[in-house]
Each structure stands twice: as structure tokens, then as C-alpha cells.
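Asks: Sharing my_file-v1.pdb below, PDB, C-alpha atoms:
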ATOM      1  CA  MET J   1       9.176  91.665 -50.702
ATOM      2  CA  SER J   2       8.147  91.367 -47.056
ATOM      3  CA  ALA J   3      10.103  93.022 -44.279
ATOM      4  CA  GLN J   4      10.956  89.585 -42.878
ATOM      5  CA  ALA J   5      12.410  88.515 -46.212
ATOM      6  CA  CYS J   6      14.446  91.714 -46.436
ATOM      7  CA  ASP J   7      15.845  91.054 -42.964
ATOM      8  CA  ARG J   8      16.751  87.495 -43.828
ATOM      9  CA  ALA J   9      18.641  88.928 -46.782
ATOM     10  CA  LEU J  10      20.858  90.877 -44.407
ATOM     11  CA  ARG J  11      21.763  87.980 -42.122
ATOM     12  CA  HIS J  12      25.305  86.573 -42.037
ATOM     13  CA  GLU J  13      24.952  83.126 -43.523
ATOM     14  CA  GLY J  14      28.480  81.711 -43.668
ATOM     15  CA  ARG J  15      27.272  78.656 -45.561
ATOM     16  CA  HIS J  16      29.775  76.225 -47.078
ATOM     17  CA  ASP J  17      29.810  72.461 -47.238
ATOM     18  CA  PRO J  18      33.472  71.394 -47.033
ATOM     19  CA  SER J  19      32.552  68.015 -48.498
ATOM     20  CA  CYS J  20      31.606  69.616 -51.822
ATOM     21  CA  PRO J  21      34.329  69.295 -54.448
ATOM     22  CA  ARG J  22      35.548  72.635 -55.722
ATOM     23  CA  GLN J  23      34.777  73.087 -59.393
ATOM     24  CA  PRO J  24      37.743  74.278 -61.476
ATOM     25  CA  ALA J  25      37.383  77.943 -62.406
ATOM     26  CA  ARG J  26      38.072  78.938 -65.990
ATOM     27  CA  LEU J  27      41.418  80.563 -66.569
ATOM     28  CA  ALA J  28      40.574  84.081 -67.543
ATOM     29  CA  SER J  29      41.803  87.273 -69.039
ATOM     30  CA  VAL J  30      41.170  89.475 -65.995
ATOM     31  CA  LEU J  31      41.619  93.206 -65.836
ATOM     32  CA  LEU J  32      43.612  93.937 -62.690
ATOM     33  CA  VAL J  33      43.267  97.463 -61.349
ATOM     34  CA  VAL J  34      45.757  96.901 -58.588
ATOM     35  CA  ALA J  35      49.089  98.649 -58.989
ATOM     36  CA  ALA J  36      48.136 102.046 -57.619
ATOM     37  CA  SER J  37      45.940 100.556 -54.907
ATOM     38  CA  VAL J  38      48.615  98.215 -53.594
ATOM     39  CA  ALA J  39      51.219 100.943 -53.802
ATOM     40  CA  ARG J  40      49.108 103.052 -51.452
ATOM     41  CA  LEU J  41      49.589 100.431 -48.764
ATOM     42  CA  GLY J  42      52.927 101.957 -47.851
ATOM     43  CA  ALA J  43      54.168 103.060 -44.487
ATOM     44  CA  GLY J  44      51.516 105.733 -44.164
ATOM     45  CA  GLU J  45      48.578 103.372 -44.609
ATOM     46  CA  ALA J  46      49.923 100.006 -43.523
ATOM     47  CA  ARG J  47      47.729  98.255 -40.999
ATOM     48  CA  ALA J  48      49.008  96.700 -37.807
ATOM     49  CA  THR J  49      49.799  93.014 -38.398
ATOM     50  CA  PRO J  50      51.062  90.191 -36.191
ATOM     51  CA  ARG J  51      54.850  90.071 -35.908
ATOM     52  CA  ASP J  52      55.148  86.955 -38.060
ATOM     53  CA  ALA J  53      52.538  88.044 -40.632
ATOM     54  CA  PRO J  54      53.546  89.231 -44.102
ATOM     55  CA  ALA J  55      53.464  92.938 -44.857
ATOM     56  CA  PRO J  56      50.156  94.219 -46.302
ATOM     57  CA  ASN J  57      51.625  94.520 -49.808
ATOM     58  CA  ALA J  58      52.793  90.920 -49.721
ATOM     59  CA  ALA J  59      49.469  89.752 -48.327
ATOM     60  CA  PHE J  60      47.518  91.421 -51.123
ATOM     61  CA  ALA J  61      49.966  90.191 -53.761
ATOM     62  CA  GLU J  62      49.591  86.629 -52.526
ATOM     63  CA  HIS J  63      45.831  86.961 -52.355
ATOM     64  CA  LEU J  64      45.615  88.352 -55.885
ATOM     65  CA  ALA J  65      47.748  85.530 -57.210
ATOM     66  CA  GLN J  66      45.322  83.037 -55.698
ATOM     67  CA  LEU J  67      42.336  84.879 -57.133
ATOM     68  CA  GLN J  68      43.614  84.741 -60.693
ATOM     69  CA  GLY J  69      43.050  81.001 -60.736
ATOM     70  CA  LYS J  70      39.500  81.414 -59.477
ATOM     71  CA  VAL J  71      38.053  84.526 -61.106
ATOM     72  CA  PRO J  72      36.044  83.730 -64.268
ATOM     73  CA  GLU J  73      36.629  85.396 -67.597
ATOM     74  CA  GLY J  74      35.329  88.915 -68.039
ATOM     75  CA  PHE J  75      35.560  89.960 -64.382
ATOM     76  CA  THR J  76      37.420  93.027 -63.138
ATOM     77  CA  ILE J  77      39.420  93.041 -59.919
ATOM     78  CA  VAL J  78      39.959  96.270 -57.962
ATOM     79  CA  VAL J  79      41.987  96.417 -54.767
ATOM     80  CA  GLN J  80      40.145  98.673 -52.338
ATOM     81  CA  PRO J  81      41.738  97.982 -48.931
ATOM     82  CA  PRO J  82      40.803  96.171 -46.800
ATOM     83  CA  PHE J  83      38.663  94.603 -49.541
ATOM     84  CA  VAL J  84      39.172  93.265 -53.022
ATOM     85  CA  VAL J  85      36.228  94.126 -55.274
ATOM     86  CA  ILE J  86      35.461  91.654 -58.067
ATOM     87  CA  GLY J  87      32.686  92.312 -60.561
ATOM     88  CA  ASP J  88      31.317  91.290 -63.950
ATOM     89  CA  GLU J  89      29.892  94.650 -64.957
ATOM     90  CA  SER J  90      32.024  96.834 -67.221
ATOM     91  CA  PRO J  91      35.495  97.637 -65.839
ATOM     92  CA  GLU J  92      34.486 101.293 -65.495
ATOM     93  CA  ARG J  93      31.382 100.352 -63.520
ATOM     94  CA  VAL J  94      33.287  98.053 -61.190
ATOM     95  CA  ARG J  95      35.819 100.814 -60.517
ATOM     96  CA  LEU J  96      32.984 103.217 -59.726
ATOM     97  CA  ARG J  97      31.416 100.713 -57.313
ATOM     98  CA  ALA J  98      34.791 100.240 -55.609
ATOM     99  CA  THR J  99      35.303 103.988 -55.248
ATOM    100  CA  ASN J 100      31.828 105.473 -54.811
ATOM    101  CA  THR J 101      30.345 102.783 -52.582
ATOM    102  CA  VAL J 102      33.074 100.639 -50.986
ATOM    103  CA  LYS J 103      35.802 103.251 -50.485
ATOM    104  CA  TRP J 104      33.288 105.928 -49.506
ATOM    105  CA  ALA J 105      31.666 103.692 -46.898
ATOM    106  CA  VAL J 106      35.005 102.477 -45.527
ATOM    107  CA  ASP J 107      36.426 105.994 -45.264
ATOM    108  CA  LYS J 108      33.336 107.388 -43.564
ATOM    109  CA  LEU J 109      32.910 104.480 -41.153
ATOM    110  CA  LYS J 110      36.567 104.659 -40.145
ATOM    111  CA  GLN J 111      36.291 108.410 -39.711
ATOM    112  CA  ASP J 112      33.659 108.125 -36.995
ATOM    113  CA  TYR J 113      33.870 104.604 -35.590
ATOM    114  CA  PHE J 114      36.548 102.135 -36.591
ATOM    115  CA  PRO J 115      40.296 102.818 -36.220
ATOM    116  CA  ARG J 116      41.264  99.217 -37.085
ATOM    117  CA  ASP J 117      40.786  97.376 -40.361
ATOM    118  CA  PRO J 118      39.708  93.721 -40.432
ATOM    119  CA  GLN J 119      42.796  91.516 -40.232
ATOM    120  CA  GLU J 120      41.689  89.265 -43.078
ATOM    121  CA  ILE J 121      41.360  90.316 -46.710
ATOM    122  CA  ILE J 122      37.685  90.126 -47.679
ATOM    123  CA  ASP J 123      36.521  89.697 -51.253
ATOM    124  CA  ILE J 124      33.437  91.602 -52.405
ATOM    125  CA  TRP J 125      31.869  89.817 -55.369
ATOM    126  CA  LEU J 126      29.484  92.090 -57.266
ATOM    127  CA  PHE J 127      27.364  90.165 -59.746
ATOM    128  CA  ARG J 128      25.599  92.236 -62.377
ATOM    129  CA  ASP J 129      22.148  90.599 -62.192
ATOM    130  CA  GLN J 130      20.101  87.827 -60.600
ATOM    131  CA  ALA J 131      21.211  85.166 -63.090
ATOM    132  CA  SER J 132      24.903  85.954 -62.670
ATOM    133  CA  TYR J 133      24.534  86.065 -58.883
ATOM    134  CA  THR J 134      22.722  82.739 -58.648
ATOM    135  CA  ASN J 135      24.911  80.920 -61.159
ATOM    136  CA  HIS J 136      28.238  82.134 -59.818
ATOM    137  CA  ALA J 137      27.255  81.566 -56.186
ATOM    138  CA  ARG J 138      26.694  77.949 -57.148
ATOM    139  CA  GLN J 139      29.774  77.586 -59.355
ATOM    140  CA  LEU J 140      32.296  79.446 -57.201
ATOM    141  CA  PHE J 141      31.013  78.883 -53.665
ATOM    142  CA  HIS J 142      28.730  75.832 -53.963
ATOM    143  CA  ASP J 143      25.906  77.936 -52.529
ATOM    144  CA  THR J 144      22.260  78.353 -53.425
ATOM    145  CA  PRO J 145      21.405  81.902 -52.274
ATOM    146  CA  THR J 146      18.365  82.229 -50.055
ATOM    147  CA  THR J 147      18.185  85.991 -50.626
ATOM    148  CA  PRO J 148      18.018  88.044 -53.825
ATOM    149  CA  PHE J 149      20.274  90.722 -52.329
ATOM    150  CA  GLY J 150      23.476  89.174 -51.077
ATOM    151  CA  TYR J 151      25.136  87.510 -48.106
ATOM    152  CA  TYR J 152      28.415  87.017 -46.269
ATOM    153  CA  SER J 153      30.213  83.687 -46.634
ATOM    154  CA  ALA J 154      32.395  83.234 -43.558
ATOM    155  CA  GLY J 155      34.084  80.168 -45.025
ATOM    156  CA  HIS J 156      35.264  82.148 -48.047
ATOM    157  CA  HIS J 157      35.800  85.538 -46.371
ATOM    158  CA  ALA J 158      33.561  86.989 -49.050
ATOM    159  CA  LEU J 159      30.582  89.271 -49.502
ATOM    160  CA  ILE J 160      28.530  87.822 -52.362
ATOM    161  CA  MET J 161      26.175  90.430 -53.785
ATOM    162  CA  ASN J 162      23.543  90.862 -56.479
ATOM    163  CA  ILE J 163      24.490  94.472 -57.113
ATOM    164  CA  ALA J 164      21.488  94.986 -59.403
ATOM    165  CA  THR J 165      19.375  95.290 -56.231
ATOM    166  CA  GLY J 166      21.369  98.369 -55.149
ATOM    167  CA  GLY J 167      24.215  99.174 -52.805
ATOM    168  CA  GLY J 168      22.315  99.339 -49.514
ATOM    169  CA  THR J 169      22.948  95.724 -48.531
ATOM    170  CA  LEU J 170      26.607  96.148 -49.442
ATOM    171  CA  VAL J 171      27.085  99.102 -47.090
ATOM    172  CA  HIS J 172      25.170  97.229 -44.377
ATOM    173  CA  GLU J 173      27.470  94.234 -44.716
ATOM    174  CA  ILE J 174      30.635  96.352 -44.787
ATOM    175  CA  VAL J 175      29.829  97.491 -41.233
ATOM    176  CA  HIS J 176      30.022  93.969 -39.805
ATOM    177  CA  PRO J 177      33.683  93.032 -40.463
ATOM    178  CA  PHE J 178      34.738  96.416 -39.117
ATOM    179  CA  MET J 179      32.604  95.870 -36.026
ATOM    180  CA  ARG J 180      34.206  92.441 -35.504
ATOM    181  CA  ALA J 181      37.675  93.995 -35.771
ATOM    182  CA  ASN J 182      36.969  96.917 -33.438
ATOM    183  CA  PHE J 183      34.228  95.774 -31.055
ATOM    184  CA  PRO J 184      34.047  91.962 -31.126
ATOM    185  CA  ALA J 185      31.807  91.904 -28.047
ATOM    186  CA  CYS J 186      29.192  94.118 -29.714
ATOM    187  CA  PRO J 187      25.697  92.707 -29.083
ATOM    188  CA  ALA J 188      23.408  91.916 -31.986
ATOM    189  CA  TRP J 189      21.037  94.815 -31.383
ATOM    190  CA  PHE J 190      23.704  97.483 -31.920
ATOM    191  CA  ASN J 191      25.652  95.568 -34.563
ATOM    192  CA  GLU J 192      22.517  95.272 -36.697
ATOM    193  CA  GLY J 193      21.124  98.648 -35.643
ATOM    194  CA  LEU J 194      24.196 100.516 -36.858
ATOM    195  CA  ALA J 195      24.563  98.396 -40.005
ATOM    196  CA  SER J 196      20.915  98.828 -40.939
ATOM    197  CA  LEU J 197      21.113 102.568 -40.251
ATOM    198  CA  TYR J 198      23.511 102.874 -43.172
ATOM    199  CA  GLU J 199      21.496 100.710 -45.582
ATOM    200  CA  GLN J 200      20.265 104.022 -46.870
ATOM    201  CA  SER J 201      22.731 106.788 -46.237
ATOM    202  CA  THR J 202      24.314 109.929 -47.575
ATOM    203  CA  GLU J 203      27.043 112.349 -46.584
ATOM    204  CA  ARG J 204      26.303 115.382 -44.439
ATOM    205  CA  GLN J 205      28.951 117.831 -43.289
ATOM    206  CA  GLY J 206      31.609 115.337 -44.327
ATOM    207  CA  HIS J 207      30.201 112.414 -42.309
ATOM    208  CA  ILE J 208      28.086 109.367 -43.124
ATOM    209  CA  HIS J 209      24.423 109.969 -42.285
ATOM    210  CA  GLY J 210      21.626 107.405 -42.192
ATOM    211  CA  LEU J 211      18.309 108.264 -43.822
ATOM    212  CA  ILE J 212      14.724 107.170 -43.236
ATOM    213  CA  ASN J 213      14.174 103.923 -45.134
ATOM    214  CA  TRP J 214      11.681 101.128 -45.760
ATOM    215  CA  ARG J 215      11.840  99.896 -42.153
ATOM    216  CA  TRP J 216      10.088 103.029 -40.914
ATOM    217  CA  LYS J 217       6.536 102.149 -42.001
ATOM    218  CA  GLY J 218       6.566  98.777 -40.284
ATOM    219  CA  LEU J 219       7.912 100.315 -37.091
ATOM    220  CA  VAL J 220       5.244 103.016 -37.096
ATOM    221  CA  GLN J 221       2.599 100.317 -37.379
ATOM    222  CA  ALA J 222       4.181  98.376 -34.511
ATOM    223  CA  ILE J 223       4.133 101.541 -32.377
ATOM    224  CA  LYS J 224       0.471 102.158 -33.171
ATOM    225  CA  ASP J 225      -0.342  98.525 -32.356
ATOM    226  CA  GLY J 226       1.551  98.702 -29.050
ATOM    227  CA  LYS J 227       3.998  95.969 -30.104
ATOM    228  CA  THR J 228       7.343  97.632 -29.486
ATOM    229  CA  ILE J 229       9.409  96.247 -26.628
ATOM    230  CA  SER J 230      11.272  98.081 -23.880
ATOM    231  CA  PHE J 231      14.792  99.216 -24.625
ATOM    232  CA  GLN J 232      16.032  97.209 -21.679
ATOM    233  CA  GLN J 233      14.583  94.090 -23.291
ATOM    234  CA  LEU J 234      15.981  94.997 -26.720
ATOM    235  CA  THR J 235      19.495  95.646 -25.461
ATOM    236  CA  SER J 236      19.580  92.520 -23.283
ATOM    237  CA  MET J 237      18.745  90.111 -26.122
ATOM    238  CA  SER J 238      21.214  87.386 -26.948
ATOM    239  CA  GLU J 239      22.040  86.740 -30.587
ATOM    240  CA  ALA J 240      19.750  83.713 -30.549
ATOM    241  CA  GLN J 241      16.883  85.820 -29.232
ATOM    242  CA  PHE J 242      17.497  88.704 -31.635
ATOM    243  CA  TYR J 243      17.862  86.518 -34.712
ATOM    244  CA  GLY J 244      15.599  83.707 -33.583
ATOM    245  CA  GLY J 245      12.396  85.301 -34.739
ATOM    246  CA  ALA J 246      13.191  85.044 -38.438
ATOM    247  CA  ALA J 247       9.863  83.376 -39.190
ATOM    248  CA  GLY J 248       7.826  86.008 -37.396
ATOM    249  CA  ALA J 249       7.176  89.724 -37.335
ATOM    250  CA  SER J 250       9.302  90.219 -34.214
ATOM    251  CA  TYR J 251      12.493  89.593 -36.187
ATOM    252  CA  SER J 252      11.919  92.552 -38.476
ATOM    253  CA  GLN J 253      10.653  94.642 -35.592
ATOM    254  CA  TYR J 254      13.869  94.141 -33.611
ATOM    255  CA  TYR J 255      15.913  95.361 -36.563
ATOM    256  CA  SER J 256      13.612  98.347 -37.021
ATOM    257  CA  GLN J 257      13.600  99.321 -33.366
ATOM    258  CA  ALA J 258      17.390  99.042 -33.152
ATOM    259  CA  ARG J 259      17.819 101.023 -36.371
ATOM    260  CA  TYR J 260      15.589 103.878 -35.326
ATOM    261  CA  LEU J 261      17.114 104.031 -31.869
ATOM    262  CA  CYS J 262      20.427 104.583 -33.673
ATOM    263  CA  TYR J 263      18.676 107.062 -35.960
ATOM    264  CA  TYR J 264      17.376 108.975 -32.918
ATOM    265  CA  LEU J 265      20.879 109.087 -31.420
ATOM    266  CA  GLN J 266      22.227 110.285 -34.749
ATOM    267  CA  GLU J 267      19.643 113.059 -35.064
ATOM    268  CA  LYS J 268      20.417 114.219 -31.528
ATOM    269  CA  GLY J 269      24.152 114.258 -32.263
ATOM    270  CA  ARG J 270      24.906 111.467 -29.796
ATOM    271  CA  LEU J 271      25.437 108.307 -31.876
ATOM    272  CA  VAL J 272      29.230 108.472 -32.205
ATOM    273  CA  LYS J 273      29.516 109.429 -28.535
ATOM    274  CA  PHE J 274      27.355 106.442 -27.592
ATOM    275  CA  TYR J 275      29.468 104.046 -29.669
ATOM    276  CA  ARG J 276      32.734 105.246 -28.168
ATOM    277  CA  GLN J 277      31.455 105.151 -24.604
ATOM    278  CA  PHE J 278      29.879 101.731 -25.203
ATOM    279  CA  VAL J 279      33.214 100.336 -26.403
ATOM    280  CA  ALA J 280      35.048 101.904 -23.453
ATOM    281  CA  ASN J 281      32.576 100.543 -20.884
ATOM    282  CA  ALA J 282      31.659  97.213 -22.463
ATOM    283  CA  GLU J 283      33.090  95.087 -19.657
ATOM    284  CA  GLN J 284      30.926  96.820 -17.068
ATOM    285  CA  ASP J 285      27.945  97.299 -19.402
ATOM    286  CA  PRO J 286      27.995  94.542 -22.056
ATOM    287  CA  ALA J 287      24.419  95.225 -23.200
ATOM    288  CA  GLY J 288      24.953  98.974 -23.513
ATOM    289  CA  TYR J 289      21.804  99.819 -21.568
ATOM    290  CA  ALA J 290      23.447 101.852 -18.794
ATOM    291  CA  THR J 291      25.593 103.651 -21.370
ATOM    292  CA  LEU J 292      22.479 104.397 -23.395
ATOM    293  CA  GLN J 293      20.778 105.939 -20.374
ATOM    294  CA  ARG J 294      23.830 108.039 -19.607
ATOM    295  CA  VAL J 295      24.324 109.310 -23.170
ATOM    296  CA  LEU J 296      20.617 110.072 -23.523
ATOM    297  CA  ASP J 297      20.568 111.631 -20.038
ATOM    298  CA  GLU J 298      17.393 109.652 -19.344
ATOM    299  CA  ARG J 299      16.617 107.894 -16.076
ATOM    300  CA  ASP J 300      13.034 106.934 -16.829
ATOM    301  CA  MET J 301      13.404 104.765 -19.927
ATOM    302  CA  GLU J 302       9.689 104.071 -20.183
ATOM    303  CA  ALA J 303       9.093 107.795 -20.464
ATOM    304  CA  PHE J 304      11.897 107.999 -22.986
ATOM    305  CA  LYS J 305      10.325 105.178 -25.007
ATOM    306  CA  LYS J 306       7.140 107.228 -25.337
ATOM    307  CA  LYS J 307       9.172 110.252 -26.409
ATOM    308  CA  TRP J 308      11.086 108.117 -28.934
ATOM    309  CA  GLU J 309       7.864 106.644 -30.322
ATOM    310  CA  LYS J 310       6.434 110.130 -30.816
ATOM    311  CA  PHE J 311       9.656 111.107 -32.582
ATOM    312  CA  VAL J 312       9.460 108.083 -34.901
ATOM    313  CA  VAL J 313       5.802 108.573 -35.773
ATOM    314  CA  GLY J 314       6.488 112.234 -36.513
ATOM    315  CA  LEU J 315       9.139 111.480 -39.121
ATOM    316  CA  GLU J 316       8.268 112.108 -42.745
ATOM    317  CA  ALA J 317       7.888 109.134 -45.060
ATOM    318  CA  PRO J 318      10.803 108.621 -47.450
TER     319      PRO J 318
END
The structure given in the file should be rewritten as C-alpha cells.

Replies:
Amino acid sequence: MSAQACDRALRHEGRHDPSCPRQPARLASVLLVVAASVARLGAGEARATPRDAPAPNAAFAEHLAQLQGKVPEGFTIVVQPPFVVIGDESPERVRLRATNTVKWAVDKLKQDYFPRDPQEIIDIWLFRDQASYTNHARQLFHDTPTTPFGYYSAGHHALIMNIATGGGTLVHEIVHPFMRANFPACPAWFNEGLASLYEQSTERQGHIHGLINWRWKGLVQAIKDGKTISFQQLTSMSEAQFYGGAAGASYSQYYSQARYLCYYLQEKGRLVKFYRQFVANAEQDPAGYATLQRVLDERDMEAFKKKWEKFVVGLEAP
């Protein structure tokens, strides 16, 4: 698959035609792995809610009651706050996905970046293969997926994933609702740069750590061809400019350049510091460029770009 196609797979799509009639879901015998998870939402873990909003336990209970009329037969539901994971693999496998991927990513992202959970409950639908993904996207959401990986449906507050393609897209997409809850003014370059950093990640010294991934080769070629843009231009892009190049190579390049700028900050031990200072100074520096200069301790950003390019080219292929 081309880099452009992979990037399109990671876009927020939010597609739903409200004029489509909702097809009745089959009543199902559904395994609910919820009691212990909901119980954990006690005083120690309860999230801040509006004064007139129901308590987290009540919100999840109401949400689960609604899901039971929608979830097809043979699916497993696991409450993994702030998400509900729903999958048609074996119950054991769905539990492992909820713990080893979703909970791990949530815990590690909150540890370094995000003190607040998303206010809404988001469903993560994990379909076991391409056929299940395509068929259920159509039956449950009236969607025809344009990506083999997965997408976010804003209208349904749901991540809809073909989990057979791996968990990288899932971790990427988990970043976005947390970013909306904690840094709603975050520009596209950093929102996608941080999310794509963790498409391929591991744990080092107790923290989430992004690894070199498939985007690296294309970026190296862009560097050798002299096609990278200045960091001032990258950080100043509007969403329309950043995402508008979906039909061309620039779209993938913007993702790659943003990702490996975040990777550079990570490797220099400055990524978390940059995020926190960016959030604190966003009103004065909405693009993050001045904050980037300060955290990098670089005045000449053209000289830094050359240093960064040398760093990128010198990385070892995954």
C-alpha cells in the first residue's frame, strides 16, 4: 500500500448520512466483561463531569444498556474507561486487546500528556478480519470504509477498526480524543505528529516510546530530493493545508516530517516538555513555532533543519 493510502487510512472521517434508516441489530447473547471495570470507576478514578451530568457509573450503565440492543451475536464487550471495547474475536482475545493495547496506551498517554479523559464514552469496534469490518461497517454504521485499517466515526462516537491489520492505527486514533479533551486548539501538525509517533511504539523505562516505522523511508527520500519544507511552514499550516494534499505526495510528507520532528524531540528527551509548554503558551504561540525554538534552544531554524535531516538520514531502518 502506498504511503498516501496509509495516511488516508489514519484520517478522521466522521461519515454518517442521517437520512439512512438504521437497520435493526440482531438481539444477541453478548458476553459482558463489565462488572469489575465499572466498579473501578469509584471515587478514586471518577472523572470530572458537569454538575448536571450523571455519575460515571451511571453513564456507563446507560451506555451499555443501549449497546445491548445494537451489538450483534457473538461479540464481546469490555469496559475499558474511557472506552468500551467491542469485538468479534474470541472473548479472551478481545480482553487481551482491551488490556494490552487500549488500557496500555491510555495509561501511558495519560502518564505523560493527558490529565483529562474525553467527556464522551467512545466505542472501539474491533472486527476480526476484512470481511467482518466491511460488512459490519455497512450494517451498523451505514458506512463503506475507504481504508482497510480503520477510521473514527464522529457521528457515532466510535473507532471502527479492522484489527487484523494490527494495533498501530488503533493507538494512533486513541491519541486524538485525548488531544481534543486536553488541547482542543492543537494544530494538525502536532496532533498528527504525536499520534503517528505512537503508531509503532513500545515501553521504555515505564513510558510510551515511539519507534522508527514505515514513514521513515519516504522521508529520507524527500530529504535527499530536497523536498522537505521549513518547520515554520509546517507548524503554520491550517488543517485544510495539512490535510488538503491527500491526492499528492505532500500529504504523506507532512505526516512524516511532523512525526520525525516529534521523534527527534523524544530522542533528545524534550517531547513531553515541548507538549506541556505548548499547551501553556498556546494563546501567545498557537502554531507552536516559538515554543519549538525555545525547547530546542535553536535560533537558526534553517541550520536546525539541516541538523535534523542529518539525524533522520542517520537512523537505522526498522

Asks: Ranking J:Ala137, J:Ala258, J:Leu234, J:Val78 by minimum distance to Val102 in chain J and counting all atoms listed in the file, which one comes first?

Replies: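 Residue with the minimum atom-to-atom distance to Val102 in chain J: J:Val78.
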
Asks: Looking at J:Lys224, J:Arg128, J:Lys310, J:Arg276, which one is nearest to Thr165 in chain J, with distances taken over all atoms listed in the file?

Replies: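 Looking at the shortest contact to Thr165 in chain J, the residue is J:Arg128.
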
Asks: Interatomic distance between CA of Ala158 in chain J and CA of Trp125 in chain J?

Replies: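 Separation of CA of Ala158 in chain J and CA of Trp125 in chain J: 7.1 Å.
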
Asks: Kindly give the distance, in Å, that separates CA of Leu197 in chain J and CA of Gly314 in chain J, rounded to a single decimal.

Replies: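 It comes out at 17.9 Å.
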
Asks: If you count all atoms listed in the file, which residues fall within 9 Å of range 297-304 of chain J, apart from same-chain ones fewer than 4 positions away, as a PyMOL selection string?

Replies: chain J and resi 230-232+292-293+308-309

Asks: Here is a test: counting only C-alpha atoms, which residue of J:Leu159, J:Leu96, J:Ala195, J:Ala105 is nearest to Tyr260 in chain J?

Replies: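 Nearest to Tyr260 in chain J: J:Ala195.
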
Asks: With the PyMOL selection byres ((chain J and resi 279) around 12) as the selection, what would be picked from this file? Answer as a PDB file with C-alpha atoms, in the frame of the given file, please.

Replies:
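Result file out-v6.pdb:
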ATOM      1  CA  TYR J 113      33.870 104.604 -35.590  1.00  0.00           C
ATOM      2  CA  PHE J 114      36.548 102.135 -36.591  1.00  0.00           C
ATOM      3  CA  MET J 179      32.604  95.870 -36.026  1.00  0.00           C
ATOM      4  CA  ASN J 182      36.969  96.917 -33.438  1.00  0.00           C
ATOM      5  CA  PHE J 183      34.228  95.774 -31.055  1.00  0.00           C
ATOM      6  CA  PRO J 184      34.047  91.962 -31.126  1.00  0.00           C
ATOM      7  CA  ALA J 185      31.807  91.904 -28.047  1.00  0.00           C
ATOM      8  CA  CYS J 186      29.192  94.118 -29.714  1.00  0.00           C
ATOM      9  CA  PRO J 187      25.697  92.707 -29.083  1.00  0.00           C
ATOM     10  CA  PHE J 190      23.704  97.483 -31.920  1.00  0.00           C
ATOM     11  CA  VAL J 272      29.230 108.472 -32.205  1.00  0.00           C
ATOM     12  CA  LYS J 273      29.516 109.429 -28.535  1.00  0.00           C
ATOM     13  CA  PHE J 274      27.355 106.442 -27.592  1.00  0.00           C
ATOM     14  CA  TYR J 275      29.468 104.046 -29.669  1.00  0.00           C
ATOM     15  CA  ARG J 276      32.734 105.246 -28.168  1.00  0.00           C
ATOM     16  CA  GLN J 277      31.455 105.151 -24.604  1.00  0.00           C
ATOM     17  CA  PHE J 278      29.879 101.731 -25.203  1.00  0.00           C
ATOM     18  CA  ALA J 280      35.048 101.904 -23.453  1.00  0.00           C
ATOM     19  CA  ASN J 281      32.576 100.543 -20.884  1.00  0.00           C
ATOM     20  CA  ALA J 282      31.659  97.213 -22.463  1.00  0.00           C
ATOM     21  CA  GLU J 283      33.090  95.087 -19.657  1.00  0.00           C
ATOM     22  CA  GLN J 284      30.926  96.820 -17.068  1.00  0.00           C
ATOM     23  CA  ASP J 285      27.945  97.299 -19.402  1.00  0.00           C
ATOM     24  CA  PRO J 286      27.995  94.542 -22.056  1.00  0.00           C
ATOM     25  CA  ALA J 287      24.419  95.225 -23.200  1.00  0.00           C
ATOM     26  CA  GLY J 288      24.953  98.974 -23.513  1.00  0.00           C
ATOM     27  CA  THR J 291      25.593 103.651 -21.370  1.00  0.00           C
ATOM     28  CA  LEU J 292      22.479 104.397 -23.395  1.00  0.00           C
TER      29      LEU J 292
END

Asks: If I put a ball of radius 12 Å at (27.2, 112.7, -44.9) in the file's coordinates, which residues poke into it when counting all atoms listed in the file, written as a PyMOL selection string?

Replies: chain J and resi 104-105+107-109+111-112+198+200-211+266

Asks: What residues have an atom no more than 8 Å from (14.5, 114.2, -42.1) in the file's own frame, counting all atoms listed in the file, and can you write them as an mmCIF file with C-alpha atoms, in the coordinates of the input?

Replies:
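Dumped everything to part.cif:
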data_model
loop_
_atom_site.group_PDB
_atom_site.id
_atom_site.type_symbol
_atom_site.label_atom_id
_atom_site.label_comp_id
_atom_site.auth_asym_id
_atom_site.auth_seq_id
_atom_site.Cartn_x
_atom_site.Cartn_y
_atom_site.Cartn_z
ATOM 1 C CA LEU J 211 18.309 108.264 -43.822
ATOM 2 C CA ILE J 212 14.724 107.170 -43.236
ATOM 3 C CA LEU J 315 9.139 111.480 -39.121
ATOM 4 C CA GLU J 316 8.268 112.108 -42.745
#

Asks: Which residues are near Thr99 in chain J? Cut-off 12 Å, all atoms listed in the file, ignore same chain within fewer than 5 positions. Put them as a PDB file with C-alpha atoms, in the frame of the given file.

Replies:
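Result saved to around.pdb:
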ATOM      1  CA  VAL J  33      43.267  97.463 -61.349  1.00  0.00           C
ATOM      2  CA  SER J  37      45.940 100.556 -54.907  1.00  0.00           C
ATOM      3  CA  VAL J  78      39.959  96.270 -57.962  1.00  0.00           C
ATOM      4  CA  VAL J  79      41.987  96.417 -54.767  1.00  0.00           C
ATOM      5  CA  GLN J  80      40.145  98.673 -52.338  1.00  0.00           C
ATOM      6  CA  PRO J  81      41.738  97.982 -48.931  1.00  0.00           C
ATOM      7  CA  PHE J  83      38.663  94.603 -49.541  1.00  0.00           C
ATOM      8  CA  VAL J  84      39.172  93.265 -53.022  1.00  0.00           C
ATOM      9  CA  VAL J  85      36.228  94.126 -55.274  1.00  0.00           C
ATOM     10  CA  GLU J  92      34.486 101.293 -65.495  1.00  0.00           C
ATOM     11  CA  ARG J  93      31.382 100.352 -63.520  1.00  0.00           C
ATOM     12  CA  VAL J  94      33.287  98.053 -61.190  1.00  0.00           C
ATOM     13  CA  TRP J 104      33.288 105.928 -49.506  1.00  0.00           C
ATOM     14  CA  ALA J 105      31.666 103.692 -46.898  1.00  0.00           C
ATOM     15  CA  VAL J 106      35.005 102.477 -45.527  1.00  0.00           C
ATOM     16  CA  ASP J 107      36.426 105.994 -45.264  1.00  0.00           C
TER      17      ASP J 107
END

Asks: Report, in Å with one decimal, the straight-line distance from CA of Phe141 in chain J to CA of Ala58 in chain J.

Replies: 25.2 Å

Asks: For this structure, which residues satisfy the selection - the PyMOL selection byres ((chain J and resi 254) around 9) - when it is evaluated on the file as given? I want them as a count of residues only.

Replies: 17

Asks: With only C-alpha atoms as the atoms that count, which of J:Ser196, J:Ser236, J:Asn162, J:Gln130 lies nearest to Trp214 in chain J?

Replies: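 For Trp214 in chain J, the nearest of the candidates is J:Ser196.
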